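Enquirer: Enclosed is the structure file data.cif (mmCIF, C-alpha atoms and all ligand atoms).
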data_final
loop_
_atom_site.label_atom_id
_atom_site.label_comp_id
_atom_site.auth_asym_id
_atom_site.auth_seq_id
_atom_site.Cartn_x
_atom_site.Cartn_y
_atom_site.Cartn_z
CA MET A 1 17.56 -0.70 -2.64
CA LYS A 2 14.24 0.97 -3.57
CA THR A 3 12.92 0.96 -0.02
CA LEU A 4 10.09 3.38 -0.80
CA THR A 5 8.68 1.61 -3.88
CA ASN A 6 4.94 2.31 -4.17
CA LYS A 7 5.02 4.56 -1.10
CA ARG A 8 3.10 7.81 -1.28
CA ILE A 9 4.73 10.60 0.64
CA VAL A 10 3.14 13.98 1.34
CA LEU A 11 5.98 16.46 1.78
CA GLY A 12 5.10 19.58 3.78
CA VAL A 13 7.44 22.49 3.11
CA SER A 14 7.22 25.31 5.64
CA GLY A 15 8.82 28.73 6.06
CA SER A 16 12.44 28.06 6.80
CA ILE A 17 15.38 29.35 4.82
CA ALA A 18 16.22 25.67 4.24
CA ALA A 19 13.09 25.33 2.05
CA TYR A 20 15.38 25.71 -0.96
CA LYS A 21 16.53 22.14 -0.21
CA ALA A 22 12.97 20.75 -0.48
CA PRO A 23 13.23 19.89 -4.23
CA ASP A 24 16.31 17.85 -3.35
CA VAL A 25 14.32 16.07 -0.62
CA VAL A 26 11.71 15.25 -3.29
CA ARG A 27 14.40 13.81 -5.57
CA ARG A 28 15.98 11.68 -2.84
CA LEU A 29 12.55 10.27 -1.90
CA GLN A 30 11.96 9.48 -5.58
CA ASP A 31 15.38 7.79 -5.78
CA LEU A 32 14.06 5.31 -3.22
CA GLY A 33 10.91 4.73 -5.31
CA ALA A 34 8.41 7.07 -3.61
CA GLU A 35 5.67 9.13 -5.22
CA VAL A 36 5.64 12.62 -3.72
CA ARG A 37 2.96 15.28 -3.41
CA ALA A 38 3.99 18.57 -1.85
CA ILE A 39 2.11 20.98 0.40
CA LEU A 40 3.68 24.43 0.48
CA THR A 41 2.76 26.66 3.44
CA GLN A 42 2.43 30.42 3.05
CA GLY A 43 5.76 30.79 4.84
CA GLY A 44 7.35 28.14 2.63
CA ALA A 45 6.20 29.99 -0.49
CA LYS A 46 8.32 32.99 0.60
CA PHE A 47 11.42 30.85 0.13
CA ILE A 48 10.75 28.58 -2.87
CA THR A 49 8.30 28.55 -5.74
CA GLU A 50 5.45 26.16 -6.26
CA LEU A 51 6.88 25.55 -9.72
CA SER A 52 10.15 24.02 -8.48
CA LEU A 53 8.24 21.58 -6.26
CA GLN A 54 5.79 20.81 -9.07
CA ALA A 55 8.61 20.20 -11.55
CA THR A 56 10.48 17.84 -9.24
CA SER A 57 7.48 16.00 -7.78
CA LYS A 58 5.67 15.89 -11.16
CA ASN A 59 2.46 16.51 -9.22
CA LYS A 60 0.29 19.54 -8.56
CA VAL A 61 1.48 21.39 -5.45
CA HIS A 62 -1.14 21.99 -2.77
CA ASN A 63 -0.94 25.31 -0.99
CA ASN A 64 -4.39 26.42 -0.01
CA LEU A 65 -6.95 25.01 2.40
CA TRP A 66 -9.60 27.25 0.83
CA ASP A 67 -9.31 25.72 -2.64
CA ASN A 68 -12.93 25.39 -3.84
CA GLU A 69 -12.09 22.94 -6.59
CA ALA A 70 -9.94 20.61 -4.44
CA GLU A 71 -12.42 20.75 -1.58
CA LEU A 72 -15.26 19.57 -3.85
CA SER A 73 -13.87 16.13 -3.06
CA MET A 74 -12.63 17.16 0.42
CA GLY A 75 -9.05 17.67 -0.82
CA HIS A 76 -7.44 17.89 2.61
CA ILE A 77 -8.99 14.59 3.73
CA GLU A 78 -8.12 12.98 0.40
CA LEU A 79 -4.46 13.97 0.79
CA ALA A 80 -4.44 12.72 4.38
CA LYS A 81 -5.78 9.33 3.23
CA TRP A 82 -3.55 9.19 0.16
CA ALA A 83 -0.39 9.48 2.25
CA ASP A 84 1.55 6.44 3.41
CA ALA A 85 3.64 8.92 5.40
CA ILE A 86 3.77 12.68 5.90
CA LEU A 87 7.17 14.34 6.04
CA ILE A 88 7.57 18.01 6.96
CA ALA A 89 10.98 19.15 5.75
CA PRO A 90 11.88 21.78 6.61
CA ALA A 91 9.61 22.18 9.63
CA SER A 92 9.61 25.79 10.85
CA ALA A 93 9.32 26.74 14.52
CA ASN A 94 5.89 28.18 13.69
CA THR A 95 4.59 24.99 12.06
CA ILE A 96 5.99 22.92 14.95
CA ALA A 97 4.13 25.19 17.41
CA ASN A 98 0.90 24.89 15.42
CA LEU A 99 1.17 21.09 15.32
CA SER A 100 1.95 20.91 19.01
CA ALA A 101 -1.13 23.03 19.79
CA GLY A 102 -3.25 20.75 17.58
CA LYS A 103 -4.17 23.69 15.36
CA ALA A 104 -5.92 23.29 12.02
CA CYS A 105 -4.95 26.70 10.68
CA ASP A 106 -3.66 25.84 7.20
CA LEU A 107 -3.73 22.94 4.72
CA LEU A 108 -0.65 21.23 6.18
CA THR A 109 -1.86 21.20 9.80
CA ASN A 110 -5.31 19.99 8.68
CA VAL A 111 -3.77 17.12 6.71
CA VAL A 112 -1.60 16.11 9.70
CA LEU A 113 -4.65 16.06 11.99
CA ALA A 114 -6.67 14.06 9.46
CA THR A 115 -4.15 11.31 8.75
CA ASP A 116 -3.49 7.96 10.35
CA ALA A 117 -0.19 7.68 8.47
CA PRO A 118 3.11 8.15 10.28
CA VAL A 119 4.30 11.78 10.48
CA LEU A 120 7.97 12.84 10.44
CA ILE A 121 9.31 16.33 10.99
CA ALA A 122 12.74 17.68 10.06
CA PRO A 123 13.14 21.03 11.87
CA ALA A 124 15.43 23.69 10.41
CA MET A 125 16.02 27.02 12.12
CA ASN A 126 18.55 29.25 13.78
CA GLN A 127 20.45 27.38 16.52
CA GLN A 128 19.21 29.75 19.26
CA MET A 129 15.60 29.22 18.12
CA TYR A 130 16.10 25.45 18.13
CA ALA A 131 17.62 25.60 21.62
CA SER A 132 14.70 27.68 22.98
CA SER A 133 12.53 26.06 25.62
CA ALA A 134 9.42 26.86 23.58
CA VAL A 135 10.62 24.81 20.58
CA LYS A 136 11.96 22.03 22.82
CA ASP A 137 8.64 21.84 24.73
CA ASN A 138 6.65 21.76 21.47
CA LEU A 139 8.87 18.99 20.10
CA SER A 140 8.44 16.88 23.21
CA VAL A 141 4.64 17.17 22.86
CA LEU A 142 4.95 15.94 19.27
CA LEU A 143 7.29 13.07 20.21
CA ALA A 144 4.77 11.96 22.84
CA ARG A 145 2.20 11.80 20.02
CA ASN A 146 4.46 9.45 18.08
CA ILE A 147 5.59 12.04 15.55
CA LYS A 148 9.09 11.08 14.51
CA LEU A 149 11.80 13.70 14.79
CA ILE A 150 14.56 13.92 12.19
CA SER A 151 16.95 15.95 14.28
CA PRO A 152 18.71 18.86 12.62
CA GLU A 153 22.46 18.78 12.14
CA PHE A 154 25.18 20.82 13.78
CA GLY A 155 27.09 23.27 11.59
CA GLU A 156 27.29 26.68 10.04
CA GLN A 157 23.94 28.32 9.36
CA ALA A 158 22.61 30.75 6.73
CA CYS A 159 22.62 33.54 9.35
CA GLY A 160 26.30 32.93 10.12
CA ASP A 161 25.70 31.23 13.51
CA VAL A 162 27.22 27.86 14.22
CA GLY A 163 25.15 25.30 16.13
CA GLU A 164 22.37 22.71 15.94
CA GLY A 165 19.58 23.71 13.56
CA ARG A 166 20.66 22.93 9.97
CA LEU A 167 18.25 20.80 8.00
CA THR A 168 19.51 17.19 7.86
CA GLU A 169 20.93 16.23 4.47
CA PRO A 170 18.08 15.27 2.06
CA SER A 171 19.46 11.76 1.43
CA LYS A 172 19.54 11.07 5.19
CA ILE A 173 15.97 12.42 5.50
CA ALA A 174 14.78 10.05 2.75
CA LYS A 175 16.52 7.14 4.47
CA GLN A 176 14.80 7.93 7.78
CA VAL A 177 11.44 8.04 6.00
CA SER A 178 12.07 4.60 4.54
CA GLU A 179 12.92 3.23 7.99
CA VAL A 180 9.35 4.02 9.09
CA PHE A 181 8.18 1.24 6.79
CA SER A 182 10.60 -1.46 7.83
CA SER A 183 9.38 -3.54 10.70
CA THR A 184 10.47 -6.84 12.12
CA LYS A 185 6.99 -8.19 12.89
CA LEU A 186 7.33 -10.97 10.31
CA THR A 187 11.07 -11.56 10.50
CA GLY A 188 11.74 -15.28 10.12
CA LYS A 189 8.22 -15.96 8.78
CA LYS A 190 7.47 -17.42 5.36
CA ILE A 191 4.41 -16.32 3.41
CA LEU A 192 3.09 -17.86 0.21
CA ILE A 193 0.70 -15.68 -1.79
CA THR A 194 -1.17 -16.54 -4.97
CA LEU A 195 -2.24 -13.65 -7.18
CA GLY A 196 -3.59 -12.67 -10.55
CA ALA A 197 -5.94 -14.51 -12.89
CA THR A 198 -5.54 -18.08 -14.08
CA ILE A 199 -5.83 -18.86 -17.78
CA GLU A 200 -7.82 -21.91 -18.88
CA PRO A 201 -7.00 -22.82 -22.49
CA ILE A 202 -9.78 -23.62 -24.95
CA ASP A 203 -7.48 -24.19 -27.92
CA PRO A 204 -3.94 -22.96 -28.75
CA VAL A 205 -5.10 -19.32 -29.14
CA ARG A 206 -8.15 -18.88 -26.91
CA TYR A 207 -8.73 -19.10 -23.19
CA LEU A 208 -11.13 -18.45 -20.30
CA SER A 209 -9.96 -15.99 -17.65
CA ASN A 210 -11.14 -13.10 -15.44
CA HIS A 211 -10.50 -9.45 -14.56
CA SER A 212 -8.06 -9.95 -11.67
CA SER A 213 -5.03 -7.64 -11.97
CA GLY A 214 -2.88 -9.00 -9.13
CA LYS A 215 -2.79 -5.55 -7.47
CA MET A 216 -4.24 -6.70 -4.14
CA GLY A 217 -1.90 -9.71 -3.99
CA MET A 218 1.10 -7.51 -4.76
CA ALA A 219 0.05 -5.03 -2.04
CA LEU A 220 -0.06 -7.94 0.44
CA ALA A 221 3.33 -9.14 -0.78
CA ARG A 222 4.90 -5.69 -0.32
CA ALA A 223 3.36 -5.30 3.15
CA SER A 224 4.72 -8.75 4.12
CA ILE A 225 8.18 -7.92 2.78
CA GLU A 226 8.13 -4.57 4.64
CA ALA A 227 7.36 -6.50 7.83
CA GLY A 228 10.37 -8.75 7.25
CA ALA A 229 8.75 -11.92 5.83
CA LYS A 230 10.27 -14.18 3.19
CA VAL A 231 7.65 -14.13 0.45
CA THR A 232 6.91 -16.56 -2.38
CA LEU A 233 4.49 -15.45 -5.10
CA ILE A 234 2.68 -17.89 -7.34
CA TYR A 235 1.17 -15.73 -10.01
CA GLY A 236 -1.02 -16.04 -13.07
CA ASN A 237 -1.94 -13.23 -15.44
CA VAL A 238 -1.11 -9.90 -13.76
CA SER A 239 -1.03 -6.32 -15.00
CA ILE A 240 1.50 -4.92 -12.54
CA PRO A 241 5.24 -5.37 -11.96
CA LEU A 242 6.15 -7.95 -9.35
CA SER A 243 8.42 -7.40 -6.40
CA GLU A 244 12.08 -8.22 -6.97
CA GLU A 245 12.49 -9.17 -3.33
CA SER A 246 10.24 -12.24 -3.48
CA THR A 247 10.56 -15.65 -5.12
CA ASN A 248 8.18 -15.44 -8.09
CA ILE A 249 6.72 -18.50 -9.81
CA LEU A 250 4.70 -18.01 -12.99
CA VAL A 251 1.82 -20.39 -13.77
CA GLY A 252 -0.92 -20.50 -16.38
CA SER A 253 -3.97 -22.58 -15.53
CA GLY A 254 -5.68 -23.32 -12.23
CA GLU A 255 -4.24 -26.84 -12.33
CA GLU A 256 -0.72 -25.46 -12.70
CA MET A 257 -1.34 -23.05 -9.82
CA HIS A 258 -2.61 -25.93 -7.65
CA GLN A 259 0.50 -27.96 -8.40
CA ALA A 260 2.88 -25.04 -7.78
CA VAL A 261 1.20 -24.24 -4.43
CA MET A 262 1.38 -27.88 -3.27
CA GLU A 263 5.07 -28.08 -4.24
CA ASN A 264 5.92 -24.92 -2.30
CA ILE A 265 3.60 -24.99 0.71
CA LYS A 266 5.88 -26.99 3.04
CA ASP A 267 7.33 -24.87 5.89
CA GLN A 268 5.21 -21.83 5.01
CA ASP A 269 3.79 -19.99 8.04
CA VAL A 270 0.99 -18.22 6.17
CA PHE A 271 -0.84 -18.97 2.92
CA ILE A 272 -2.88 -16.17 1.34
CA ALA A 273 -5.03 -17.29 -1.58
CA CYS A 274 -5.53 -14.01 -3.38
CA ALA A 275 -5.49 -15.27 -6.99
CA ALA A 276 -8.74 -15.39 -8.93
CA VAL A 277 -8.59 -19.07 -9.87
CA SER A 278 -11.06 -20.20 -12.48
CA ASP A 279 -13.63 -22.52 -10.88
CA TYR A 280 -13.89 -24.48 -14.13
CA ARG A 281 -11.61 -25.56 -16.95
CA VAL A 282 -12.34 -26.84 -20.43
CA LYS A 283 -12.63 -30.65 -20.43
CA ASN A 284 -11.20 -31.26 -23.87
CA ILE A 285 -8.66 -28.65 -24.92
CA GLU A 286 -8.46 -28.63 -28.71
CA LYS A 287 -4.98 -29.27 -30.13
CA ASN A 288 -5.67 -27.02 -33.11
CA LYS A 289 -7.47 -23.69 -33.39
CA ILE A 290 -11.22 -24.21 -33.48
CA LYS A 291 -12.51 -23.17 -36.91
CA LYS A 292 -15.39 -20.74 -37.18
CA GLU A 293 -18.60 -22.40 -38.29
CA ASN A 294 -22.18 -21.23 -38.47
CA THR A 295 -23.39 -23.65 -35.81
CA GLU A 296 -23.57 -23.42 -32.05
CA LEU A 297 -20.44 -24.39 -30.16
CA THR A 298 -20.66 -25.92 -26.70
CA LEU A 299 -17.68 -26.04 -24.38
CA GLU A 300 -17.80 -28.71 -21.71
CA LEU A 301 -16.38 -27.41 -18.42
CA ILE A 302 -15.19 -29.43 -15.45
CA PRO A 303 -14.36 -28.10 -11.96
CA ASN A 304 -10.81 -27.14 -11.03
CA LYS A 305 -9.40 -28.40 -7.74
CA ASP A 306 -9.91 -25.95 -4.89
CA ILE A 307 -6.41 -24.83 -3.86
CA LEU A 308 -7.46 -23.26 -0.54
CA VAL A 309 -9.46 -26.32 0.52
CA ASP A 310 -6.55 -28.64 -0.30
CA VAL A 311 -4.05 -26.51 1.63
CA CYS A 312 -6.44 -26.33 4.60
CA LYS A 313 -6.62 -30.17 4.60
CA LEU A 314 -2.84 -30.58 4.99
CA LYS A 315 -1.71 -32.17 8.26
CA GLN A 316 0.77 -29.39 8.88
CA LYS A 317 -1.21 -26.54 7.47
CA PRO A 318 -0.07 -22.91 7.56
CA ILE A 319 -2.39 -20.10 8.68
CA CYS A 320 -4.77 -20.04 5.70
CA ILE A 321 -6.39 -16.85 4.49
CA GLY A 322 -8.82 -16.81 1.57
CA PHE A 323 -10.53 -14.09 -0.41
CA ALA A 324 -14.22 -14.09 -1.16
CA ALA A 325 -15.07 -11.98 -4.19
CA GLU A 326 -18.82 -11.54 -3.86
CA THR A 327 -21.51 -9.52 -5.58
CA GLN A 328 -24.51 -10.33 -3.32
CA ASN A 329 -25.33 -11.62 0.22
CA LEU A 330 -21.80 -10.58 1.03
CA ILE A 331 -21.32 -11.48 4.70
CA GLU A 332 -23.44 -14.64 4.48
CA ASN A 333 -21.53 -15.96 1.47
CA ALA A 334 -18.18 -15.11 3.05
CA GLN A 335 -19.13 -16.84 6.30
CA ASN A 336 -20.18 -19.96 4.37
CA LYS A 337 -16.88 -19.91 2.53
CA LEU A 338 -14.98 -19.64 5.83
CA LYS A 339 -16.82 -22.70 7.15
CA ASN A 340 -16.75 -24.82 3.99
CA LYS A 341 -13.11 -24.27 3.16
CA GLY A 342 -11.83 -24.72 6.72
CA CYS A 343 -9.59 -21.67 6.53
CA ASP A 344 -8.62 -19.32 9.37
CA ALA A 345 -9.92 -16.10 7.85
CA ILE A 346 -11.70 -14.78 4.81
CA ILE A 347 -11.22 -11.36 3.31
CA LEU A 348 -14.50 -10.29 1.81
CA ASN A 349 -14.28 -8.23 -1.31
CA ASP A 350 -17.38 -6.65 -2.89
CA VAL A 351 -16.60 -6.92 -6.61
CA SER A 352 -19.92 -5.41 -7.73
CA LYS A 353 -18.69 -1.87 -7.04
CA ARG A 354 -17.12 0.01 -9.91
CA ASP A 355 -14.93 2.37 -7.90
CA PHE A 356 -12.99 -0.31 -6.04
CA GLY A 357 -12.15 -4.03 -6.13
CA PHE A 358 -11.18 -5.79 -9.37
CA LYS A 359 -8.57 -3.96 -11.47
CA ASN A 360 -8.87 -0.79 -9.35
CA ASP A 361 -6.14 0.80 -7.25
CA GLU A 362 -8.53 1.00 -4.32
CA ASN A 363 -10.39 -1.56 -2.32
CA GLU A 364 -12.67 -1.95 0.69
CA VAL A 365 -12.75 -5.27 2.52
CA VAL A 366 -14.02 -7.04 5.61
CA PHE A 367 -11.62 -9.32 7.50
CA LEU A 368 -13.67 -12.23 8.88
CA THR A 369 -12.82 -15.06 11.22
CA LYS A 370 -15.26 -17.29 13.08
CA LYS A 371 -15.24 -14.93 16.06
CA TYR A 372 -14.20 -11.64 14.62
CA SER A 373 -15.05 -9.21 11.85
CA GLN A 374 -13.35 -5.95 10.95
CA LYS A 375 -14.23 -3.65 8.07
CA ILE A 376 -11.26 -1.96 6.44
CA GLU A 377 -12.67 1.21 4.87
CA LYS A 378 -12.04 2.16 1.25
CA ASN A 379 -8.41 3.07 0.68
CA SER A 380 -5.49 2.34 -1.65
CA LYS A 381 -4.72 -1.36 -2.00
CA GLN A 382 -1.27 -0.63 -0.51
CA ILE A 383 -2.82 0.62 2.72
CA ILE A 384 -5.48 -2.11 2.77
CA GLY A 385 -2.68 -4.68 2.27
CA ARG A 386 -0.74 -3.29 5.20
CA LYS A 387 -3.81 -3.33 7.45
CA ILE A 388 -4.58 -6.95 6.49
CA ILE A 389 -1.00 -8.00 7.32
CA GLU A 390 -1.22 -6.14 10.66
CA ILE A 391 -4.41 -8.05 11.53
CA ILE A 392 -2.86 -11.39 10.51
CA VAL A 393 0.14 -10.68 12.76
CA GLU A 394 -2.09 -9.59 15.64
CA LYS A 395 -4.59 -12.45 15.42
CA PHE A 396 -2.48 -15.43 14.38
CA LEU A 397 1.26 -14.96 14.81
C1 LIG A 401 14.57 35.52 6.06
C2 LIG A 401 13.80 34.64 6.99
C3 LIG A 401 14.29 33.40 7.28
C4 LIG A 401 13.60 32.56 8.16
N1 LIG A 401 14.10 31.32 8.43
C5 LIG A 401 13.47 30.54 9.31
C6 LIG A 401 13.99 29.24 9.60
O1 LIG A 401 15.02 28.81 9.06
N2 LIG A 401 13.29 28.46 10.44
C7 LIG A 401 12.13 28.87 11.04
O2 LIG A 401 11.57 28.12 11.81
N3 LIG A 401 11.61 30.08 10.75
C8 LIG A 401 12.24 30.92 9.90
N4 LIG A 401 11.70 32.15 9.61
C9 LIG A 401 10.40 32.54 10.20
C10 LIG A 401 9.22 31.87 9.46
O3 LIG A 401 9.34 32.04 8.08
C11 LIG A 401 7.90 32.40 9.97
O4 LIG A 401 7.74 32.02 11.31
C12 LIG A 401 6.73 31.92 9.16
O5 LIG A 401 5.56 32.46 9.72
C13 LIG A 401 6.61 30.41 9.10
O6 LIG A 401 5.43 30.06 8.44
P1 LIG A 401 4.94 28.54 8.26
O7 LIG A 401 5.34 27.80 9.47
O8 LIG A 401 3.47 28.64 8.11
O9 LIG A 401 5.59 28.05 7.02
C14 LIG A 401 12.38 33.00 8.74
C15 LIG A 401 11.88 34.25 8.39
C16 LIG A 401 12.58 35.06 7.55
C17 LIG A 401 12.03 36.42 7.22
#
Could I get this structure in the form of structure tokens?
Ligand SMILES: Cc1cc2nc3c(=O)[nH]c(=O)nc-3n(C[C@H](O)[C@H](O)[C@H](O)COP(=O)(O)O)c2cc1C
Expert:
Amino acid sequence: MKTLTNKRIVLGVSGSIAAYKAPDVVRRLQDLGAEVRAILTQGGAKFITELSLQATSKNKVHNNLWDNEAELSMGHIELAKWADAILIAPASANTIANLSAGKACDLLTNVVLATDAPVLIAPAMNQQMYASSAVKDNLSVLLARNIKLISPEFGEQACGDVGEGRLTEPSKIAKQVSEVFSSTKLTGKKILITLGATIEPIDPVRYLSNHSSGKMGMALARASIEAGAKVTLIYGNVSIPLSEESTNILVGSGEEMHQAVMENIKDQDVFIACAAVSDYRVKNIEKNKIKKENTELTLELIPNKDILVDVCKLKQKPICIGFAAETQNLIENAQNKLKNKGCDAIILNDVSKRDFGFKNDENEVVFLTKKYSQKIEKNSKQIIGRKIIEIIVEKFL
């Protein structure tokens, strides 16, 4: 199973003889669906070339904190935010000591300090070094900071010694990285998510629609699946592949989406209305293609049913979360929507910004309930999706 689909992994490669296995670690992470960017320390570069990591990861390799071009956009912070997880494999005794001391002495240690993503380290060194109290003490400091240890294996080493210190097999490392993302917080819970844009026909060839890509809905779906939920997606027009681990129901118009939601809402624990449903539909859909004429054409529009409102009115309603795509008076409009629709929370989305929101891979939102408001700063939709699901679990489940 592709347990790392859409996951962004920063792989730190430090100065251990086992660094020659790092390209294989990249490949095994990719086998599970991950995108990988590598950071090569100065020590690491003594053992493998930047080129082999670049060729396998298909991304530029980062090796220098003092890179003027990368730091124009604060490269080390960007990498720290980009990462869904940071894996250091192999992790040298020196890098482990630097991390334990909280040092920011090279690109890798800076990125680790600047991230809120999980960090995993896979030490590899001579067995006597690994058994030393200095390394053991440093590792226990890191474990206390929630850094996950991928313990080295026992066996014959490059130096001829036999003992504990060999880098764990790359496929096992990749598996342990994927386990970081599986949680049981939503095990046994059912989540229904609508996503994408609805399509309101005008005639057999033309329609009214909007710019929604479905990316935010898919990020929420993946985060829910990661947390163990059973997910149903009711989707309109989307520009991204859907998860294979959810039940996916394709619809066209807002009316079809309304009907599909009502047919599938029973027994759901959470409903997230993320689709951009057209507020209006064409009253009289022409059976045949409308012919071009040199006169004005008026389309009469009538309102679509409000799916979120109707779900919120159900006697046995699930936790209902709506999205408010706003361009002005953001908080005020979102608070009105929360009140008028009767839902449990609204996720406010500023769609006036060009660098995030509609169609983009990034977003910035505010999670609003009657008593609570939390801004989730600009980040990839994957990470925003995960944070939203965490808040839903914490506040409602
Ligand atoms: C031939 C050779 C092999 C080495 N192998 C290891 C090793 O397997 N593990 C380790 O922790 N250090 C090893 N070292 C020492 C590190 O390369 C050295 O501490 C370096 O400064 C680590 O830099 P970094 O942590 O910034 O990558 C080795 C050094 C040499 C010369």
Enquirer: CA of Ile285 (chain A) and CA of Pro201 (chain A), how far apart in Å?
Expert: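 Those two atoms sit 6.5 Å apart.
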Enquirer: With a distance cut-off of 10 Å and all atoms listed in the file, select the neighbouring residues of region 45-60 of chain A, excluding the residue or stretch itself and same-chain residues fewer than 6 positions from it, and output the selection as a ChimeraX atom specification.
Expert: /A:11,13-27,29-30,34-39
Enquirer: CA of Ala104 (chain A) to atom C16 of ligand LIG 401 (chain A): how many Å, to one decimal?
Expert: 22.4 Å
Enquirer: Between CA of Lys148 (chain A) and CA of Ala91 (chain A), what distance in Å does the model show, to one decimal?
Expert: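 CA of Lys148 (chain A) sits 12.1 Å away from CA of Ala91 (chain A).
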Enquirer: Between A:Leu330, A:Ile88, A:Leu167, A:Leu186, which one has atoms that come closest to Tyr130 (chain A), using only C-alpha atoms?
Expert: A:Leu167
Enquirer: Nearest to Gly188 (chain A) among A:Lys175, A:Arg28, A:Lys230, A:His211, with distances taken over all atoms listed in the file: which residue is it?
Expert: A:Lys230
Enquirer: Mind listing the residues within 10 Å of ligand LIG 401 (chain A), all atoms listed in the file counted, as JSON, numbers by chain?
Expert: {"A": [12, 13, 14, 15, 16, 17, 18, 19, 40, 41, 42, 43, 44, 45, 46, 47, 90, 91, 92, 93, 94, 95, 96, 97, 98, 99, 105, 106, 107, 108, 109, 123, 124, 125, 126, 127, 129, 130, 135, 157, 158, 159, 165, 166, 167]}
